[in-house]
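For reference, the structure discussed in these notes is given below.
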Amino acid sequence: MDKIRWGILSTGGIAKVVTEAIQFLDDAEVVAVGSRTAEAAEEFGARFNIPHRHASYEALANDPDVDAIYIATPHNLHKENALLSLAGGKAVLLEKPFTVNAREAAEVIDFAREKNLFVMEAMWSRFIPLMGKLREMLAAGVIGDIRMFHADCSIRIPYNPKSRMFDLDLAGGALLDSGIYPFSMASMVMGKPESVVSQAFIGESGADEQAAAVLKYSEGRLSILSTAIRTAGPQEMLIRGTEGYIRIAGWQRATKLTITRPGQPDEVVEMGYEGNGKNYQVAEVMRCMRAGLIESPVMPLSETLDIMSTLDAVRAPWGLKYPGE
């Protein structure tokens, strides 16, 4: 494939960012956009010079000139839109969280495997260069055996019960929106937990506005994770081992990590990135497609399913259910 041809499903803010990321890459082109209205598709298409402008998601999914589709709809529509795109024979990059729950995730994964088509959760922070370097360093034992992992992704945004962040009908709330990041990073570093305890504050709209969880693994290893959409936070990651620790500040857009070992000077590792950062996940999708893979070894489907199962377990004690569950 000289160039992989992309379609964009939905035209919201994140769709604009990822479209820019795709257009940054020389071996990709955005050839189509699909929206619920002709007006939105026309406006988005004109802004990004996209030739095919579809007034429905179905038309996009069935566009013969599209190889892969990026899905940017609210969480509650991810399963439906992914199944539609896969049924149209398209590879899929599905915005995080993959789905609302593990049951939906399994349905998408099973269908993709049945169709022998690529699908991946758009966990973009895994693919920036510094995170690749981090995985190499941890595998090499630079801080010994990893014992504890801490991560926060907390933001404060204005309260609006009709926005997707607070609307339970759209599976809004901190856990699935900002919380997916620290939980995914914990999975990358620590694996699948054996048990989970958590607490949350449920706001006026019925959505979780802040939450914290402790995840326990074999040999007593622990992750301590926090997330919020009404509370400001440092968005830091700390990995603690038997021989030192690694700290990453502003880790979602990180270009630097610091290794601290007792009795030694700190070691700083810096790695920048090109584009807006989301281009790396797009490049991974295309690398896998060209290699004939139907999932990414960096964000494998089994791990996506494990993460969704963990999130299900985290919110179960809160009594939090999304419409349709």
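How things are named: the first chain in the structure tokens is A, the next is B, and so on; residues count from 1 in each chain; ligands count from 1 in the order shown.
Surrounding segment 224-231 of chain A within 8 Å are Met148, Phe149, His150, Ala151, Asp152, Cys153, Ser154, Ile155, Arg156, Ile157, Pro158, Tyr159, Met165, Gly173, Ala174, Leu175, Ser178, Gly179, Pro182, Phe183, Glu209, Gln210, Ala211, Ala212, Ala213, Val214 and Leu215 of chain A, with only C-alpha atoms counted and residues fewer than 5 positions along the same chain left out.
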Counting only C-alpha atoms, which residues of segment 63-177 of chain A fall within 7 Å of segment 259-281 of chain A, and what is the closest atom pair for each with its distance in Å at one decimal, ordered by chain and rising number, as CSV?
```
residue,atom,partner,partner_atom,distance
A:Ala122,CA,A:Gln281,CA,6.8
A:Trp124,CA,A:Gln281,CA,5.4
A:Phe127,CA,A:Tyr280,CA,5.5
A:Ile128,CA,A:Tyr280,CA,6.1
A:Pro129,CA,A:Met271,CA,6.4
A:Leu130,CA,A:Met271,CA,5.5
```
Convert the current residue selection to file output with N, CA and C atoms, as a short mmCIF file (atom, residue, chain, number, x, y, z; two decimals), in the first residue's frame.
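Okay, again-v7.cif is ready:
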```
data_model
loop_
_atom_site.label_atom_id
_atom_site.label_comp_id
_atom_site.auth_asym_id
_atom_site.auth_seq_id
_atom_site.Cartn_x
_atom_site.Cartn_y
_atom_site.Cartn_z
N ALA A 122 -7.47 3.57 20.45
CA ALA A 122 -6.62 4.74 20.20
C ALA A 122 -6.05 5.28 21.51
N TRP A 124 -3.26 6.82 22.44
CA TRP A 124 -2.16 7.46 21.74
C TRP A 124 -0.90 7.63 22.57
N PHE A 127 2.21 5.36 22.29
CA PHE A 127 2.98 5.27 21.06
C PHE A 127 3.98 6.40 20.87
N ILE A 128 3.96 7.42 21.73
CA ILE A 128 4.96 8.47 21.61
C ILE A 128 6.33 7.89 21.95
N PRO A 129 7.41 8.44 21.38
CA PRO A 129 8.73 7.83 21.52
C PRO A 129 9.17 7.56 22.96
N LEU A 130 8.88 8.48 23.89
CA LEU A 130 9.35 8.29 25.26
C LEU A 130 8.74 7.04 25.89
#
```
Counting only C-alpha atoms, the residue among A:Leu311, A:Val285, A:Pro51, A:Glu95 that lies closest to Asp27 of chain A is A:Val285
Extract, using only C-alpha atoms, all DNA, RNA and protein residues at most 9 Å from Ser85 of chain A, discarding same-chain residues fewer than 3 positions from it, and format them as a compact mmCIF listing (two decimals) with N, CA and C atoms, in the first residue's frame.
```txt
# COMPACT_ATOMS: atom_id res chain seq x y z
N TYR A 57 -22.97 7.56 8.69
CA TYR A 57 -21.86 6.67 9.02
C TYR A 57 -21.90 5.44 8.13
N GLU A 58 -23.08 5.00 7.76
CA GLU A 58 -23.21 3.81 6.90
C GLU A 58 -22.55 4.03 5.54
N LEU A 60 -20.10 6.05 4.88
CA LEU A 60 -18.65 6.02 5.07
C LEU A 60 -18.14 4.59 5.18
N ALA A 61 -18.82 3.78 5.99
CA ALA A 61 -18.38 2.40 6.21
C ALA A 61 -18.36 1.61 4.92
N ASN A 62 -19.20 1.99 3.96
CA ASN A 62 -19.31 1.25 2.70
C ASN A 62 -18.59 1.93 1.54
N ALA A 68 -9.23 2.30 6.04
CA ALA A 68 -9.27 2.30 7.50
C ALA A 68 -10.13 3.45 7.98
N ILE A 69 -10.80 3.26 9.10
CA ILE A 69 -11.67 4.28 9.66
C ILE A 69 -11.25 4.59 11.10
N ILE A 71 -12.69 6.20 14.46
CA ILE A 71 -14.00 6.45 15.06
C ILE A 71 -13.86 7.41 16.22
N GLU A 80 -21.25 0.13 18.44
CA GLU A 80 -22.11 0.19 17.25
C GLU A 80 -21.33 0.66 16.03
N ASN A 81 -20.54 1.72 16.18
CA ASN A 81 -19.80 2.27 15.05
C ASN A 81 -18.65 1.38 14.61
N ALA A 82 -18.02 0.70 15.57
CA ALA A 82 -16.94 -0.23 15.23
C ALA A 82 -17.49 -1.42 14.45
N GLY A 88 -18.23 -3.19 7.02
CA GLY A 88 -17.90 -2.61 5.72
C GLY A 88 -16.52 -3.01 5.22
N GLY A 89 -15.83 -3.86 5.97
CA GLY A 89 -14.52 -4.36 5.54
C GLY A 89 -13.37 -3.43 5.83
N LYS A 90 -13.55 -2.52 6.79
CA LYS A 90 -12.52 -1.53 7.08
C LYS A 90 -11.74 -1.88 8.35
N ALA A 91 -10.44 -1.58 8.33
CA ALA A 91 -9.65 -1.59 9.56
C ALA A 91 -10.15 -0.43 10.43
N VAL A 92 -9.99 -0.57 11.76
CA VAL A 92 -10.58 0.42 12.67
C VAL A 92 -9.58 0.86 13.73
```
- Expressed in Å to a single decimal, how great is the separation between atom CA of Leu222 of chain A and atom CA of Glu121 of chain A?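 Going from atom CA of Leu222 of chain A over to atom CA of Glu121 of chain A covers 24.7 Å.
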Ala105 of chain A proximity check over A:Thr304, A:Asp2, A:Asp67, A:Asp169, using only C-alpha atoms: winner is A:Thr304
Sorted by chain and rising residue number, which residues of segment 225-315 of chain A lie within 9 Å of segment 114-119 of chain A, and what are their closest atom pairs and distances in Å to one decimal, counting only C-alpha atoms, as CSV?
```
residue,atom,partner,partner_atom,distance
A:Val285,CA,A:Phe118,CA,8.0
A:Cys288,CA,A:Phe118,CA,7.9
A:Met289,CA,A:Phe118,CA,6.9
A:Gly292,CA,A:Phe118,CA,8.6
A:Leu293,CA,A:Phe118,CA,6.7
A:Ile294,CA,A:Phe118,CA,3.8
A:Glu295,CA,A:Phe118,CA,5.5
A:Ser296,CA,A:Val119,CA,8.3
A:Leu301,CA,A:Val119,CA,8.1
```
Selection to disk with C-alpha atoms, as a tab-separated table (two decimals), in the first residue's frame:
```tsv
chain	number	residue	atom	x	y	z
A	285	VAL	CA	-2.12	1.00	12.62
A	288	CYS	CA	0.32	-3.51	11.30
A	289	MET	CA	-1.94	-3.38	8.24
A	292	GLY	CA	-0.89	-8.37	7.71
A	293	LEU	CA	-1.57	-8.11	11.46
A	294	ILE	CA	-5.08	-7.77	12.90
A	295	GLU	CA	-3.91	-6.34	16.21
A	296	SER	CA	-1.01	-4.30	17.56
A	301	LEU	CA	-6.73	-6.78	22.02
```
Can you list every residue in segment 26-189 of chain A that DSSP puts in alpha helix (DSSP H), as an NGL selection string? :A and (38-48 or 57-61 or 78-87 or 102-115 or 129-139 or 174-177 or 180-189)
